[in-house]
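**Student:** Let me begin by handing over the structure; questions about it come next.
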Amino acid sequence: MTEPPEIDLSLPYISEGLEGIGGMIKQQPEHFVVEEIPSYNPSGHGDHLYVNITKKNLNTRDVQLQLAKLFDVKPEYVGKAGLKDKRSLSTQSFSILFEGEKPAESDASQIIEAHVGIKVNWAKYHDNKLRSGHLRGNGFDILITGLELDLEKAVNRAEAIRRRLDQTGVPNYYGLQRTGEEGENTVAGWQLLQGKKRIRNRWLRRYLVSCYQSYLCNRYLVKRVENGLFDTLLLGDIAKKYDTGGIFWVEDLEAEQPRYVNKEITFTAPIYGYKMKTAKHEAHELEKTVIIDAGITNEQFRELRAKGTRRPGRLVPRITVSATDDGLRLRFELPKGGFATIVLREFMKNDSHND
């Protein structure tokens, strides 16, 4: 394929037919509150100081670099579990490796608060670095402002959407933060895979390829929704258990479909790559259509070391809706990798890519 395929960023709503409430988010950092849910707690011993902080108007990379400079360590000695938006009030943890003399936990907290301008909630040592994915998920408390609807009407619409999502779950789409507002990250990733673009920076190269992988994953989920296959398992799906994370191939639809309806399991969506575990039977046939349409081969993924993996295809957040003097508040939790904006767009329905 010599020309990039047409980039389609549209994502169908799973609550189609229910009117949205409109509005805006992130008018102030305090309107978008996010808190990490850790996978484990630090032990109190070791060479890695875990620091739990609350920040606003700073992105995760900013804090990482400031902590490295403050304690005169390499940036790679500062670990984090996930990325948080700059325009938010975010609570997350970092780890700092001290190879020599270690500061007392209380001293480190005071130094950070004085020089970085963030609130330190606690600090405690542990024996390993905090790495990407070392969290169960994130809790969100989000205020939607600028509503043109009467507040009571907005609450009624939001409750109708909440009930629909509680019944169906939400497609685990990647947000525009990953694909790019106009698809620019997606196109760049395609160009890298096709050998039409060279980038020396290894981190940026991997990131842009992952953006294209995310785009393909979205297109798979779109096919699933548009073909009426989101509320059902397919023979050969690779399913995942919500409670334990265990995965398995669906070989008995009659036995597994009730577990899907009861939100015990979900199908997984492909993040295409040369080492991705593939579905079987009819589920495999659906997966193949996306990659064939894209004109990408496993050899191209291999050349750029894009291994691929799988991602839960359905989110099942428990959402609460409430009215405030300033707008409408939504509270929910998402597992790691889930995008809050994907839930919010179902309520707001003012996504420009779906006009």
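For the structure tokens, the naming scheme is as follows: chains receive sequential letters (A, B, ...) according to their order of presentation, residues are indexed from 1 within each chain, and ligands are indexed from 1 in presentation order.
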Write out as a list in words the residues lying within 8 Å of Pro312 in chain A, counting only C-alpha atoms and excluding same-chain residues fewer than 5 positions away.
**Tutor:** Asn172, Lys240, Thr266, Phe267, Thr268 and Ala269 of chain A
**Student:** Could you give me, as a list in words, the residues within 8 Å of range 314-317 of chain A, counting only C-alpha atoms and dropping anything in the same chain fewer than 2 positions from it?
**Tutor:** Leu165, Asp166, Thr168, Gly169, Val170, Pro171, Asn172, Lys263, Thr266, Phe267, Thr268, Pro312, Ile319, Phe332, Glu333, Leu334 and Gly338 of chain A
**Student:** Applying 12 Å and only C-alpha atoms, which residues near Asp293 in chain A remain after dropping the ones on its own chain fewer than 2 positions away? List them as a list of chain:residue names.
**Tutor:** A:Met1, A:Pro4, A:Pro5, A:Glu6, A:Ile7, A:Leu216, A:Arg219, A:Tyr220, A:Leu286, A:Glu287, A:Lys288, A:Thr289, A:Val290, A:Ile291, A:Gly295, A:Ile296, A:Thr297
**Student:** To one decimal place in Å, what is the distance between CA of Ala108 in chain A and CA of Lys336 in chain A?
**Tutor:** 28.2 Å
**Student:** Please return, as a tab-separated table (two decimals) with C-alpha atoms, in the first residue's frame, all residues of range 93-159 of chain A that DSSP assigns to strand (DSSP E or B) on the basis of the backbone.
**Tutor:**
chain	number	residue	atom	x	y	z
A	93	SER	CA	2.74	7.41	43.06
A	94	PHE	CA	6.35	7.61	41.94
A	95	SER	CA	9.38	5.61	43.06
A	96	ILE	CA	12.89	7.04	43.43
A	97	LEU	CA	15.93	4.75	43.55
A	119	LYS	CA	1.35	17.82	47.91
A	120	VAL	CA	2.98	14.68	49.28
A	121	ASN	CA	0.40	12.37	50.84
A	122	TRP	CA	2.87	9.75	52.06
A	123	ALA	CA	6.33	8.32	51.41
A	124	LYS	CA	7.50	4.78	52.11
A	125	TYR	CA	10.37	2.58	50.96
A	126	HIS	CA	9.99	-0.57	48.87
A	135	LEU	CA	-1.82	-0.39	39.32
A	136	ARG	CA	-5.25	-1.94	39.32
A	137	GLY	CA	-6.88	1.11	37.80
A	138	ASN	CA	-7.99	4.66	38.49
A	139	GLY	CA	-10.90	6.28	40.30
A	140	PHE	CA	-12.51	9.32	38.67
A	141	ASP	CA	-14.63	12.16	40.04
A	142	ILE	CA	-15.56	14.40	37.12
A	143	LEU	CA	-17.69	17.53	36.95
A	144	ILE	CA	-19.38	18.34	33.63
A	145	THR	CA	-20.04	22.09	33.41
**Student:** Could you tell me which of A:Leu11, A:Glu299, A:Ile265, A:Ala283 comes closest to Gly195 in chain A if we count only C-alpha atoms?
**Tutor:**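 Of all the options, A:Glu299 lies closest to Gly195 in chain A.
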**Student:** Rank A:Lys196, A:Lys241, A:Lys275, A:Arg318 by their smallest atom-to-atom distance to Arg164 in chain A, using only C-alpha atoms, and report the top residue only.
**Tutor:**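 Selected residue with least distance to Arg164 in chain A: A:Arg318.
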**Student:** For range 300-308 of chain A, list every protein, DNA or RNA residue within 7 Å, evaluated using only C-alpha atoms, and leave out those in the same chain fewer than 5 positions away; present the list as a list in words.
**Tutor:** Leu193, Ile271, Tyr272, Gly273, Tyr274, Lys275 and Met276 of chain A
**Student:** Excluding Pro270 in chain A and its own-chain neighbours fewer than 5 positions away, which residues fall within 7 Å of it when counting only C-alpha atoms? Please give them as a PyMOL selection string.
**Tutor:** chain A and resi 217+309-311
**Student:** Output N, CA and C atoms for every residue in the selection just made, as an mmCIF file, in the first residue's frame.
**Tutor:**
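Saved as out-v1.cif:
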data_model
loop_
_atom_site.group_PDB
_atom_site.id
_atom_site.type_symbol
_atom_site.label_atom_id
_atom_site.label_comp_id
_atom_site.auth_asym_id
_atom_site.auth_seq_id
_atom_site.Cartn_x
_atom_site.Cartn_y
_atom_site.Cartn_z
ATOM 1 N N CYS A 217 -7.037 -1.481 16.962
ATOM 2 C CA CYS A 217 -7.864 -2.077 18.011
ATOM 3 C C CYS A 217 -9.235 -1.405 18.052
ATOM 4 N N THR A 309 -0.521 -7.538 21.794
ATOM 5 C CA THR A 309 -1.069 -8.214 22.970
ATOM 6 C C THR A 309 -2.589 -8.200 22.813
ATOM 7 N N ARG A 310 -3.306 -8.385 23.908
ATOM 8 C CA ARG A 310 -4.762 -8.298 23.861
ATOM 9 C C ARG A 310 -5.241 -7.378 24.983
ATOM 10 N N ARG A 311 -6.464 -6.882 24.815
ATOM 11 C CA ARG A 311 -7.015 -5.868 25.717
ATOM 12 C C ARG A 311 -8.465 -6.227 25.999
#
**Student:** Measuring atom to atom with only C-alpha atoms, identify which of A:Val261, A:Leu147, A:Ala239, A:Leu49 is nearest to Thr278 in chain A.
**Tutor:**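 Checking each of A:Val261, A:Leu147, A:Ala239, A:Leu49 against Thr278 in chain A, counting only C-alpha atoms, the winner is A:Ala239.
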**Student:** How would you write, as a PyMOL selection string, the set of residues in range 49-262 of chain A that DSSP gives as helix (DSSP H, G or I)?
**Tutor:** chain A and resi 60-70+75-77+105-116+151-168+176-179+184-193+202-226+253-261
**Student:** Quick one: write out the picked residues with C-alpha atoms as a short mmCIF file (atom, residue, chain, number, x, y, z; two decimals), in the first residue's frame?
**Tutor:**
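Listed below is the output, selection.cif:
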data_model
loop_
_atom_site.label_atom_id
_atom_site.label_comp_id
_atom_site.auth_asym_id
_atom_site.auth_seq_id
_atom_site.Cartn_x
_atom_site.Cartn_y
_atom_site.Cartn_z
CA THR A 60 3.50 12.99 34.83
CA ARG A 61 6.72 13.48 32.87
CA ASP A 62 7.18 16.96 34.39
CA VAL A 63 7.07 15.52 37.90
CA GLN A 64 9.33 12.61 36.98
CA LEU A 65 12.04 14.96 35.68
CA GLN A 66 11.72 17.36 38.62
CA LEU A 67 12.10 14.51 41.13
CA ALA A 68 15.18 13.23 39.30
CA LYS A 69 16.77 16.69 39.31
CA LEU A 70 15.84 17.36 42.92
CA PRO A 75 15.39 10.15 35.19
CA GLU A 76 15.12 6.39 34.60
CA TYR A 77 15.62 5.91 38.35
CA GLU A 105 10.83 9.38 54.41
CA SER A 106 9.65 12.48 56.27
CA ASP A 107 12.65 14.53 55.08
CA ALA A 108 12.10 13.55 51.46
CA SER A 109 8.45 14.54 51.73
CA GLN A 110 9.31 18.00 53.01
CA ILE A 111 11.96 18.53 50.33
CA ILE A 112 9.55 17.56 47.55
CA GLU A 113 6.75 19.77 48.81
CA ALA A 114 9.12 22.72 49.19
CA HIS A 115 10.81 22.47 45.79
CA VAL A 116 8.36 20.80 43.39
CA LEU A 151 -30.15 20.48 35.46
CA GLU A 152 -33.06 18.17 36.27
CA LYS A 153 -33.38 17.24 32.60
CA ALA A 154 -29.64 16.64 32.38
CA VAL A 155 -29.79 14.30 35.38
CA ASN A 156 -32.68 12.38 33.85
CA ARG A 157 -30.80 11.93 30.58
CA ALA A 158 -27.63 10.93 32.42
CA GLU A 159 -29.48 8.36 34.52
CA ALA A 160 -30.98 6.82 31.38
CA ILE A 161 -27.49 6.52 29.88
CA ARG A 162 -26.10 5.14 33.14
CA ARG A 163 -28.75 2.40 33.15
CA ARG A 164 -27.93 1.52 29.53
CA LEU A 165 -24.20 1.32 30.26
CA ASP A 166 -24.84 -0.73 33.38
CA GLN A 167 -26.64 -3.22 31.17
CA THR A 168 -24.29 -3.28 28.17
CA LEU A 176 -8.04 10.53 21.05
CA GLN A 177 -5.14 11.14 23.44
CA ARG A 178 -3.61 8.04 21.84
CA THR A 179 -4.66 8.23 18.19
CA GLU A 184 -1.77 12.47 13.15
CA ASN A 185 -0.25 9.87 15.49
CA THR A 186 -2.05 7.12 13.61
CA VAL A 187 -0.72 8.22 10.21
CA ALA A 188 2.82 8.55 11.57
CA GLY A 189 2.65 5.02 12.99
CA TRP A 190 1.44 3.67 9.64
CA GLN A 191 4.28 5.45 7.85
CA LEU A 192 6.83 3.91 10.21
CA LEU A 193 5.46 0.43 9.66
CA ARG A 202 13.40 4.98 19.98
CA TRP A 203 10.78 6.05 22.53
CA LEU A 204 8.93 8.23 20.02
CA ARG A 205 9.13 5.52 17.36
CA ARG A 206 7.60 2.91 19.66
CA TYR A 207 4.96 5.34 20.84
CA LEU A 208 3.78 6.21 17.33
CA VAL A 209 3.64 2.54 16.30
CA SER A 210 1.62 1.82 19.45
CA CYS A 211 -0.74 4.64 18.43
CA TYR A 212 -1.39 2.85 15.15
CA GLN A 213 -1.91 -0.44 16.99
CA SER A 214 -4.44 1.37 19.21
CA TYR A 215 -6.22 2.69 16.12
CA LEU A 216 -6.53 -0.83 14.68
CA CYS A 217 -7.86 -2.08 18.01
CA ASN A 218 -10.52 0.65 17.88
CA ARG A 219 -11.50 -0.38 14.35
CA TYR A 220 -11.97 -3.97 15.56
CA LEU A 221 -14.25 -2.78 18.37
CA VAL A 222 -16.19 -0.61 15.91
CA LYS A 223 -16.81 -3.66 13.73
CA ARG A 224 -17.97 -5.56 16.77
CA VAL A 225 -20.44 -2.82 17.74
CA GLU A 226 -21.72 -2.09 14.23
CA LEU A 253 -20.83 -20.59 23.58
CA GLU A 254 -23.82 -22.02 25.42
CA ALA A 255 -21.80 -22.29 28.63
CA GLU A 256 -19.90 -18.99 28.37
CA GLN A 257 -22.53 -16.54 27.09
CA PRO A 258 -24.40 -16.42 30.45
CA ARG A 259 -21.09 -15.57 32.15
CA TYR A 260 -20.63 -12.72 29.66
CA VAL A 261 -24.14 -11.41 30.34
#
**Student:** By how many Å are CA of Leu18 in chain A and CA of Leu344 in chain A apart?
**Tutor:** 13.8 Å
